[in-house]
>>> print(open('final30.cif').read())   # mmCIF, N, CA and C atoms
data_query
loop_
_atom_site.label_atom_id
_atom_site.label_comp_id
_atom_site.auth_asym_id
_atom_site.auth_seq_id
_atom_site.Cartn_x
_atom_site.Cartn_y
_atom_site.Cartn_z
N MET W 1 3.05 -5.44 48.03
CA MET W 1 4.25 -5.74 47.29
C MET W 1 3.95 -6.72 46.16
N LYS W 2 3.14 -7.76 46.46
CA LYS W 2 2.80 -8.74 45.43
C LYS W 2 1.99 -8.10 44.32
N LYS W 3 1.10 -7.16 44.66
CA LYS W 3 0.29 -6.49 43.64
C LYS W 3 1.17 -5.66 42.72
N THR W 4 2.17 -4.99 43.28
CA THR W 4 3.09 -4.17 42.49
C THR W 4 3.92 -5.06 41.55
N SER W 5 4.39 -6.17 42.05
CA SER W 5 5.19 -7.10 41.23
C SER W 5 4.34 -7.67 40.10
N LEU W 6 3.10 -8.02 40.41
CA LEU W 6 2.19 -8.57 39.40
C LEU W 6 1.91 -7.52 38.33
N LEU W 7 1.70 -6.29 38.75
CA LEU W 7 1.44 -5.20 37.81
C LEU W 7 2.65 -4.97 36.89
N ILE W 8 3.84 -5.00 37.46
CA ILE W 8 5.06 -4.82 36.66
C ILE W 8 5.20 -5.96 35.64
N ILE W 9 4.91 -7.18 36.04
CA ILE W 9 5.00 -8.33 35.13
C ILE W 9 3.98 -8.19 34.01
N LEU W 10 2.75 -7.78 34.32
CA LEU W 10 1.72 -7.60 33.29
C LEU W 10 2.10 -6.50 32.29
N VAL W 11 2.67 -5.41 32.79
CA VAL W 11 3.11 -4.32 31.91
C VAL W 11 4.23 -4.80 31.00
N MET W 12 5.15 -5.60 31.53
CA MET W 12 6.24 -6.12 30.71
C MET W 12 5.71 -7.05 29.62
N ILE W 13 4.76 -7.91 29.96
CA ILE W 13 4.18 -8.83 28.97
C ILE W 13 3.46 -8.03 27.88
N ALA W 14 2.71 -7.02 28.28
CA ALA W 14 2.00 -6.19 27.31
C ALA W 14 3.00 -5.48 26.39
N SER W 15 4.10 -4.98 26.94
CA SER W 15 5.12 -4.30 26.13
C SER W 15 5.74 -5.25 25.11
N ILE W 16 6.03 -6.46 25.54
CA ILE W 16 6.62 -7.45 24.63
C ILE W 16 5.65 -7.76 23.49
N ASN W 17 4.38 -7.94 23.80
CA ASN W 17 3.37 -8.23 22.78
C ASN W 17 3.23 -7.07 21.81
N LEU W 18 3.19 -5.84 22.31
CA LEU W 18 3.07 -4.67 21.43
C LEU W 18 4.28 -4.54 20.52
N THR W 19 5.47 -4.77 21.06
CA THR W 19 6.69 -4.69 20.26
C THR W 19 6.69 -5.76 19.17
N ALA W 20 6.29 -6.96 19.50
CA ALA W 20 6.25 -8.05 18.52
C ALA W 20 5.24 -7.74 17.42
N CYS W 21 4.07 -7.21 17.77
CA CYS W 21 3.06 -6.86 16.77
C CYS W 21 3.55 -5.74 15.86
N LYS W 22 4.20 -4.72 16.46
CA LYS W 22 4.72 -3.61 15.66
C LYS W 22 5.80 -4.10 14.71
N LYS W 23 6.69 -4.97 15.16
CA LYS W 23 7.76 -5.50 14.31
C LYS W 23 7.18 -6.28 13.14
N LYS W 24 6.16 -7.11 13.40
CA LYS W 24 5.53 -7.88 12.33
C LYS W 24 4.88 -6.94 11.32
N LYS W 25 4.20 -5.90 11.80
CA LYS W 25 3.56 -4.93 10.89
C LYS W 25 4.61 -4.22 10.05
N ASP W 26 5.73 -3.81 10.66
CA ASP W 26 6.81 -3.15 9.91
C ASP W 26 7.38 -4.07 8.85
N GLU W 27 7.56 -5.35 9.17
CA GLU W 27 8.09 -6.31 8.19
C GLU W 27 7.12 -6.49 7.03
N GLU W 28 5.83 -6.53 7.30
CA GLU W 28 4.84 -6.66 6.23
C GLU W 28 4.86 -5.44 5.33
N GLN W 29 4.99 -4.25 5.91
CA GLN W 29 5.01 -3.05 5.10
C GLN W 29 6.26 -3.00 4.23
N SER W 30 7.40 -3.45 4.71
CA SER W 30 8.61 -3.40 3.91
C SER W 30 8.56 -4.40 2.76
N GLN W 31 7.71 -5.40 2.83
CA GLN W 31 7.58 -6.37 1.76
C GLN W 31 6.51 -5.97 0.75
N THR W 32 5.75 -4.92 1.02
CA THR W 32 4.70 -4.47 0.13
C THR W 32 5.32 -3.85 -1.12
N LYS W 33 4.79 -4.17 -2.28
CA LYS W 33 5.29 -3.60 -3.53
C LYS W 33 4.87 -2.14 -3.65
N ASP W 34 5.74 -1.34 -4.23
CA ASP W 34 5.45 0.06 -4.49
C ASP W 34 4.57 0.19 -5.72
N HIS W 35 4.13 1.37 -5.98
CA HIS W 35 3.46 1.69 -7.23
C HIS W 35 3.94 3.06 -7.68
N LEU W 36 3.66 3.41 -8.90
CA LEU W 36 4.07 4.70 -9.42
C LEU W 36 3.11 5.78 -8.93
N ASN W 37 3.61 7.00 -8.90
CA ASN W 37 2.80 8.17 -8.54
C ASN W 37 3.05 9.29 -9.53
N PRO W 38 2.67 9.11 -10.80
CA PRO W 38 2.92 10.17 -11.79
C PRO W 38 2.18 11.45 -11.43
N PRO W 39 2.81 12.61 -11.67
CA PRO W 39 2.14 13.88 -11.38
C PRO W 39 0.94 14.09 -12.31
N ALA W 40 0.03 14.94 -11.91
CA ALA W 40 -1.22 15.16 -12.67
C ALA W 40 -0.96 15.65 -14.09
N TRP W 41 0.06 16.47 -14.30
CA TRP W 41 0.29 17.04 -15.62
C TRP W 41 0.63 15.99 -16.68
N ILE W 42 1.11 14.82 -16.26
CA ILE W 42 1.51 13.79 -17.22
C ILE W 42 0.43 12.71 -17.40
N GLN W 43 -0.63 12.77 -16.61
CA GLN W 43 -1.65 11.72 -16.61
C GLN W 43 -2.58 11.84 -17.82
N PHE W 44 -2.01 11.53 -18.97
CA PHE W 44 -2.71 11.54 -20.26
C PHE W 44 -2.09 10.45 -21.12
N THR W 45 -2.60 10.31 -22.34
CA THR W 45 -1.98 9.44 -23.33
C THR W 45 -1.13 10.32 -24.24
N TRP W 46 0.11 9.89 -24.45
CA TRP W 46 1.09 10.61 -25.26
C TRP W 46 1.57 9.67 -26.36
N THR W 47 1.51 10.11 -27.64
CA THR W 47 1.91 9.23 -28.73
C THR W 47 2.79 9.97 -29.75
N LYS W 48 3.43 9.17 -30.59
CA LYS W 48 4.19 9.66 -31.74
C LYS W 48 3.95 8.70 -32.90
N ILE W 49 4.14 9.17 -34.10
CA ILE W 49 4.03 8.31 -35.28
C ILE W 49 5.29 7.47 -35.36
N ASN W 50 5.13 6.17 -35.59
CA ASN W 50 6.30 5.30 -35.71
C ASN W 50 6.59 5.00 -37.18
N GLY W 51 7.58 4.17 -37.45
CA GLY W 51 8.03 3.87 -38.80
C GLY W 51 7.01 3.15 -39.67
N MET W 52 5.97 2.58 -39.07
CA MET W 52 4.94 1.88 -39.85
C MET W 52 3.70 2.74 -40.01
N ASN W 53 3.85 4.06 -39.79
CA ASN W 53 2.76 5.01 -39.88
C ASN W 53 1.63 4.70 -38.89
N GLU W 54 2.03 4.11 -37.77
CA GLU W 54 1.11 3.86 -36.66
C GLU W 54 1.57 4.72 -35.50
N GLU W 55 0.85 4.68 -34.39
CA GLU W 55 1.22 5.46 -33.23
C GLU W 55 1.64 4.56 -32.08
N ASP W 56 2.67 4.97 -31.36
CA ASP W 56 3.03 4.29 -30.12
C ASP W 56 3.33 5.35 -29.08
N GLY W 57 3.30 4.94 -27.83
CA GLY W 57 3.57 5.91 -26.78
C GLY W 57 3.27 5.39 -25.39
N PHE W 58 2.88 6.32 -24.54
CA PHE W 58 2.64 6.03 -23.12
C PHE W 58 1.29 6.59 -22.69
N ARG W 59 0.70 5.92 -21.71
CA ARG W 59 -0.48 6.44 -21.03
C ARG W 59 -0.18 6.37 -19.54
N PHE W 60 -0.36 7.49 -18.88
CA PHE W 60 -0.11 7.57 -17.45
C PHE W 60 -1.42 7.70 -16.70
N THR W 61 -1.52 6.96 -15.60
CA THR W 61 -2.64 7.10 -14.68
C THR W 61 -2.06 7.57 -13.34
N SER W 62 -2.88 7.66 -12.33
CA SER W 62 -2.40 8.13 -11.03
C SER W 62 -1.45 7.14 -10.35
N ASP W 63 -1.43 5.86 -10.83
CA ASP W 63 -0.58 4.88 -10.17
C ASP W 63 0.13 3.90 -11.11
N ASP W 64 0.19 4.24 -12.40
CA ASP W 64 0.82 3.31 -13.35
C ASP W 64 1.20 4.04 -14.63
N MET W 65 2.01 3.37 -15.44
CA MET W 65 2.37 3.83 -16.78
C MET W 65 2.10 2.66 -17.72
N PHE W 66 1.48 2.94 -18.83
CA PHE W 66 1.15 1.92 -19.82
C PHE W 66 1.88 2.23 -21.12
N THR W 67 2.29 1.19 -21.82
CA THR W 67 2.80 1.32 -23.18
C THR W 67 1.62 1.10 -24.10
N VAL W 68 1.39 2.02 -25.02
CA VAL W 68 0.22 1.93 -25.89
C VAL W 68 0.64 1.92 -27.36
N TYR W 69 -0.16 1.24 -28.16
CA TYR W 69 0.04 1.19 -29.60
C TYR W 69 -1.31 1.36 -30.28
N TYR W 70 -1.33 2.12 -31.40
CA TYR W 70 -2.52 2.31 -32.20
C TYR W 70 -2.19 1.96 -33.64
N ASN W 71 -3.10 1.26 -34.33
CA ASN W 71 -2.87 0.93 -35.73
C ASN W 71 -3.16 2.13 -36.62
N GLN W 72 -3.02 1.97 -37.94
CA GLN W 72 -3.22 3.08 -38.86
C GLN W 72 -4.64 3.62 -38.82
N ALA W 73 -5.60 2.80 -38.42
CA ALA W 73 -7.00 3.25 -38.31
C ALA W 73 -7.25 3.98 -36.99
N GLY W 74 -6.24 4.09 -36.15
CA GLY W 74 -6.40 4.77 -34.87
C GLY W 74 -6.98 3.89 -33.77
N VAL W 75 -7.06 2.58 -34.03
CA VAL W 75 -7.59 1.64 -33.04
C VAL W 75 -6.46 1.17 -32.14
N GLN W 76 -6.69 1.24 -30.85
CA GLN W 76 -5.67 0.80 -29.91
C GLN W 76 -5.50 -0.71 -30.00
N THR W 77 -4.26 -1.15 -30.21
CA THR W 77 -4.00 -2.58 -30.34
C THR W 77 -3.26 -3.16 -29.15
N GLU W 78 -2.59 -2.31 -28.35
CA GLU W 78 -1.91 -2.78 -27.13
C GLU W 78 -2.02 -1.73 -26.05
N ASN W 79 -2.09 -2.21 -24.82
CA ASN W 79 -2.20 -1.34 -23.65
C ASN W 79 -1.54 -2.11 -22.51
N LEU W 80 -0.21 -2.00 -22.38
CA LEU W 80 0.54 -2.82 -21.44
C LEU W 80 0.88 -2.05 -20.16
N SER W 81 0.46 -2.57 -19.02
CA SER W 81 0.73 -1.96 -17.72
C SER W 81 2.17 -2.23 -17.30
N TYR W 82 2.89 -1.18 -16.95
CA TYR W 82 4.26 -1.34 -16.47
C TYR W 82 4.28 -2.07 -15.14
N MET W 83 3.41 -1.67 -14.23
CA MET W 83 3.37 -2.29 -12.91
C MET W 83 2.99 -3.77 -12.99
N GLU W 84 2.18 -4.12 -13.96
CA GLU W 84 1.81 -5.53 -14.15
C GLU W 84 3.02 -6.34 -14.62
N THR W 85 3.87 -5.74 -15.45
CA THR W 85 5.03 -6.47 -15.98
C THR W 85 6.10 -6.73 -14.92
N ILE W 86 6.12 -5.93 -13.86
CA ILE W 86 7.16 -6.12 -12.84
C ILE W 86 6.61 -6.68 -11.53
N LYS W 87 5.34 -6.99 -11.47
CA LYS W 87 4.70 -7.35 -10.20
C LYS W 87 5.32 -8.56 -9.50
N ASN W 88 5.88 -9.50 -10.22
CA ASN W 88 6.46 -10.69 -9.60
C ASN W 88 7.95 -10.58 -9.35
N LYS W 89 8.50 -9.40 -9.51
CA LYS W 89 9.93 -9.19 -9.31
C LYS W 89 10.16 -8.52 -7.96
N ASP W 90 11.37 -8.64 -7.45
CA ASP W 90 11.77 -8.00 -6.21
C ASP W 90 12.35 -6.64 -6.59
N TYR W 91 11.65 -5.56 -6.32
CA TYR W 91 12.06 -4.24 -6.78
C TYR W 91 11.72 -3.16 -5.76
N SER W 92 12.30 -1.99 -6.00
CA SER W 92 11.93 -0.78 -5.28
C SER W 92 11.91 0.36 -6.29
N ILE W 93 11.06 1.34 -6.04
CA ILE W 93 10.88 2.46 -6.96
C ILE W 93 11.28 3.75 -6.27
N SER W 94 12.01 4.59 -7.00
CA SER W 94 12.26 5.96 -6.52
C SER W 94 11.78 6.91 -7.61
N GLU W 95 11.14 8.00 -7.20
CA GLU W 95 10.56 8.95 -8.13
C GLU W 95 10.95 10.38 -7.77
N GLN W 96 11.00 11.22 -8.81
CA GLN W 96 11.19 12.66 -8.63
C GLN W 96 10.33 13.35 -9.67
N SER W 97 9.67 14.43 -9.27
CA SER W 97 8.88 15.19 -10.25
C SER W 97 8.88 16.66 -9.89
N THR W 98 8.72 17.47 -10.94
CA THR W 98 8.57 18.91 -10.80
C THR W 98 7.36 19.30 -11.63
N ALA W 99 7.19 20.59 -11.86
CA ALA W 99 6.06 21.07 -12.65
C ALA W 99 6.17 20.66 -14.11
N ASP W 100 7.35 20.23 -14.57
CA ASP W 100 7.49 19.84 -15.97
C ASP W 100 8.44 18.66 -16.20
N THR W 101 8.81 17.94 -15.13
CA THR W 101 9.63 16.73 -15.29
C THR W 101 9.08 15.62 -14.41
N TYR W 102 9.27 14.40 -14.87
CA TYR W 102 8.91 13.22 -14.08
C TYR W 102 9.96 12.16 -14.37
N GLN W 103 10.62 11.70 -13.32
CA GLN W 103 11.65 10.67 -13.44
C GLN W 103 11.37 9.60 -12.41
N PHE W 104 11.55 8.36 -12.85
CA PHE W 104 11.49 7.29 -11.87
C PHE W 104 12.49 6.21 -12.24
N SER W 105 12.95 5.53 -11.21
CA SER W 105 13.88 4.42 -11.39
C SER W 105 13.33 3.21 -10.67
N VAL W 106 13.53 2.06 -11.28
CA VAL W 106 13.13 0.80 -10.66
C VAL W 106 14.40 0.00 -10.46
N HIS W 107 14.68 -0.30 -9.20
CA HIS W 107 15.86 -1.09 -8.87
C HIS W 107 15.41 -2.53 -8.64
N TYR W 108 15.98 -3.46 -9.40
CA TYR W 108 15.66 -4.87 -9.27
C TYR W 108 16.69 -5.49 -8.32
N ASN W 109 16.22 -5.88 -7.15
CA ASN W 109 17.12 -6.36 -6.10
C ASN W 109 17.78 -7.69 -6.45
N ASP W 110 17.08 -8.56 -7.16
CA ASP W 110 17.64 -9.88 -7.47
C ASP W 110 18.80 -9.81 -8.46
N THR W 111 18.79 -8.85 -9.37
CA THR W 111 19.86 -8.72 -10.35
C THR W 111 20.76 -7.51 -10.08
N ASN W 112 20.40 -6.72 -9.07
CA ASN W 112 21.12 -5.50 -8.73
C ASN W 112 21.26 -4.58 -9.94
N SER W 113 20.17 -4.47 -10.71
CA SER W 113 20.16 -3.60 -11.88
C SER W 113 19.06 -2.55 -11.71
N THR W 114 19.21 -1.45 -12.44
CA THR W 114 18.26 -0.35 -12.34
C THR W 114 17.81 0.07 -13.73
N GLU W 115 16.53 0.34 -13.84
CA GLU W 115 15.93 0.84 -15.08
C GLU W 115 15.41 2.24 -14.79
N SER W 116 15.79 3.22 -15.61
CA SER W 116 15.39 4.60 -15.37
C SER W 116 14.50 5.12 -16.49
N TRP W 117 13.55 5.96 -16.12
CA TRP W 117 12.61 6.58 -17.05
C TRP W 117 12.64 8.08 -16.79
N ASN W 118 12.84 8.87 -17.86
CA ASN W 118 12.95 10.33 -17.74
C ASN W 118 12.02 11.00 -18.73
N PHE W 119 11.10 11.80 -18.22
CA PHE W 119 10.13 12.51 -19.04
C PHE W 119 10.17 13.99 -18.69
N ALA W 120 9.97 14.84 -19.72
CA ALA W 120 9.93 16.29 -19.50
C ALA W 120 8.99 16.93 -20.51
N LEU W 121 8.34 17.99 -20.10
CA LEU W 121 7.54 18.77 -21.04
C LEU W 121 8.44 19.80 -21.71
N ASN W 122 8.32 19.93 -23.03
CA ASN W 122 9.09 20.98 -23.70
C ASN W 122 8.22 22.24 -23.82
N LEU W 123 8.75 23.27 -24.41
CA LEU W 123 8.04 24.55 -24.51
C LEU W 123 6.79 24.47 -25.38
N ASN W 124 6.70 23.45 -26.25
CA ASN W 124 5.53 23.26 -27.10
C ASN W 124 4.45 22.40 -26.44
N GLY W 125 4.66 22.01 -25.19
CA GLY W 125 3.69 21.17 -24.49
C GLY W 125 3.77 19.71 -24.90
N GLU W 126 4.89 19.32 -25.51
CA GLU W 126 5.10 17.93 -25.91
C GLU W 126 5.88 17.21 -24.82
N LEU W 127 5.72 15.91 -24.77
CA LEU W 127 6.42 15.10 -23.79
C LEU W 127 7.70 14.56 -24.41
N VAL W 128 8.83 14.82 -23.79
CA VAL W 128 10.11 14.34 -24.28
C VAL W 128 10.55 13.20 -23.35
N TYR W 129 10.78 12.04 -23.96
CA TYR W 129 11.25 10.86 -23.21
C TYR W 129 12.70 10.62 -23.58
N THR W 130 13.55 10.49 -22.58
CA THR W 130 14.95 10.15 -22.78
C THR W 130 15.19 8.76 -22.23
N ASP W 131 15.64 7.84 -23.10
CA ASP W 131 15.82 6.46 -22.66
C ASP W 131 17.20 6.27 -22.01
N ASN W 132 17.48 5.05 -21.61
CA ASN W 132 18.74 4.75 -20.91
C ASN W 132 19.98 4.94 -21.79
N MET W 133 19.80 4.97 -23.11
CA MET W 133 20.92 5.18 -24.03
C MET W 133 21.05 6.66 -24.43
N GLN W 134 20.28 7.52 -23.75
CA GLN W 134 20.26 8.97 -24.00
C GLN W 134 19.63 9.34 -25.34
N ASN W 135 18.83 8.42 -25.93
CA ASN W 135 18.04 8.77 -27.11
C ASN W 135 16.81 9.51 -26.64
N THR W 136 16.36 10.50 -27.40
CA THR W 136 15.16 11.25 -27.03
C THR W 136 14.07 11.03 -28.07
N PHE W 137 12.85 11.00 -27.57
CA PHE W 137 11.67 10.81 -28.40
C PHE W 137 10.63 11.83 -27.95
N VAL W 138 9.91 12.42 -28.92
CA VAL W 138 8.93 13.47 -28.61
C VAL W 138 7.53 12.94 -28.88
N TYR W 139 6.65 13.11 -27.89
CA TYR W 139 5.27 12.62 -27.94
C TYR W 139 4.31 13.78 -27.77
N THR W 140 3.20 13.70 -28.46
CA THR W 140 2.15 14.71 -28.30
C THR W 140 0.97 14.09 -27.54
N LYS W 141 0.22 14.97 -26.89
CA LYS W 141 -0.93 14.51 -26.13
C LYS W 141 -2.01 14.05 -27.10
N LYS W 142 -2.52 12.84 -26.88
CA LYS W 142 -3.55 12.28 -27.76
C LYS W 142 -4.91 12.71 -27.24
N ASN W 143 -5.70 13.24 -28.14
CA ASN W 143 -7.06 13.67 -27.76
C ASN W 143 -8.03 12.53 -27.67
#
>>> encode(input="final30.cif", output="C-alpha cells")
Amino acid sequence: MKKTSLLIILVMIASINLTACKKKKDEEQSQTKDHLNPPAWIQFTWTKINGMNEEDGFRFTSDDMFTVYYNQAGVQTENLSYMETIKNKDYSISEQSTADTYQFSVHYNDTNSTESWNFALNLNGELVYTDNMQNTFVYTKKN
C-alpha cells in the first residue's frame, strides 16, 4: 500500500513539473516576434522611376521586405529592413498569399493600430502595390 501511495505521489509531482515546463515554453513562444514569409514569386527587387529620375521600390527576401532607393547612376543608396524598423514594437503579423497576390498586416498592440501592405502581379508581370489610402503604384523587376 505504501509503495502504491508513493508511486502515485511521484507521478503527480512529475505531472506538475511537466505542466509547468510546458506552460513556460508556451509563454515564451507567444512572446516571440513574427517575421514575414513572402512567397517565392515576389522575392526579387521591384522598382519604379520616381519624380527625381531615381528609382525606389521594394526588395523581398524569404523573411523580410526592404525599402530600396537607387540614385540616377543606378547605385543603391538605401536598403531599409521592414522587420528591423518594427523589432522593438509589440506587434503581430497576419499574411495571405496566392500565385499572384501577397498581403500582410501588422497589428501594433500598444496603439491598437494596423498597417496593411497589398501587392499583386499584373498581366505584364509588374508588381502593383496598393497603399492604405488606395493609391496604386506599379513596379518592375530590377535585373
>>> resolve_selection(input="final30.cif", expression="the PyMOL selection byres ((chain W and resi 107) around 6.5)", output="count of residues only")
14
>>> atom_distance(input="final30.cif", atom1="atom N of W:Thr111", atom2="atom CA of W:Asn88")
12.5 Å
>>> select_by_dssp(input="final30.cif", residues="stretch 21-136 of chain W", states="strand (DSSP E)", output="ChimeraX atom specification")
/W:45-49,55-60,65-70,76-81,91-97,101-108,113-121,127-130,136
>>> closest_residue(input="final30.cif", among="W:Phe119, W:Gly51, W:Lys87, W:Leu36", to="W:Met65", atoms="only N, CA and C atoms")
W:Leu36
>>> closest_residue(input="final30.cif", among="W:Tyr82, W:Pro39, W:Phe44, W:Glu54", to="W:Tyr69", atoms="only N, CA and C atoms")
W:Glu54
>>> closest_residue(input="final30.cif", among="W:Gly74, W:Asn132, W:Asn53, W:Thr67", to="W:Phe104", atoms="only C-alpha atoms")
W:Asn132
>>> residues_around(input="final30.cif", residues="W:Lys48", least_positions_apart="5", cutoff="6.5 Å", atoms="all atoms listed in the file", output="list in words")
Glu54, Glu55, Asp56, Gly57, Val138, Tyr139 and Thr140 of chain W
>>> axis_aligned_box(input="final30.cif", around="stretch 79-84 of chain W", padding_each_side="8 Å", output="AutoDock Vina command-line options")
--center_x 1.0 --center_y -3.8 --center_z -18.9 --size_x 22.5 --size_y 21.2 --size_z 27.9
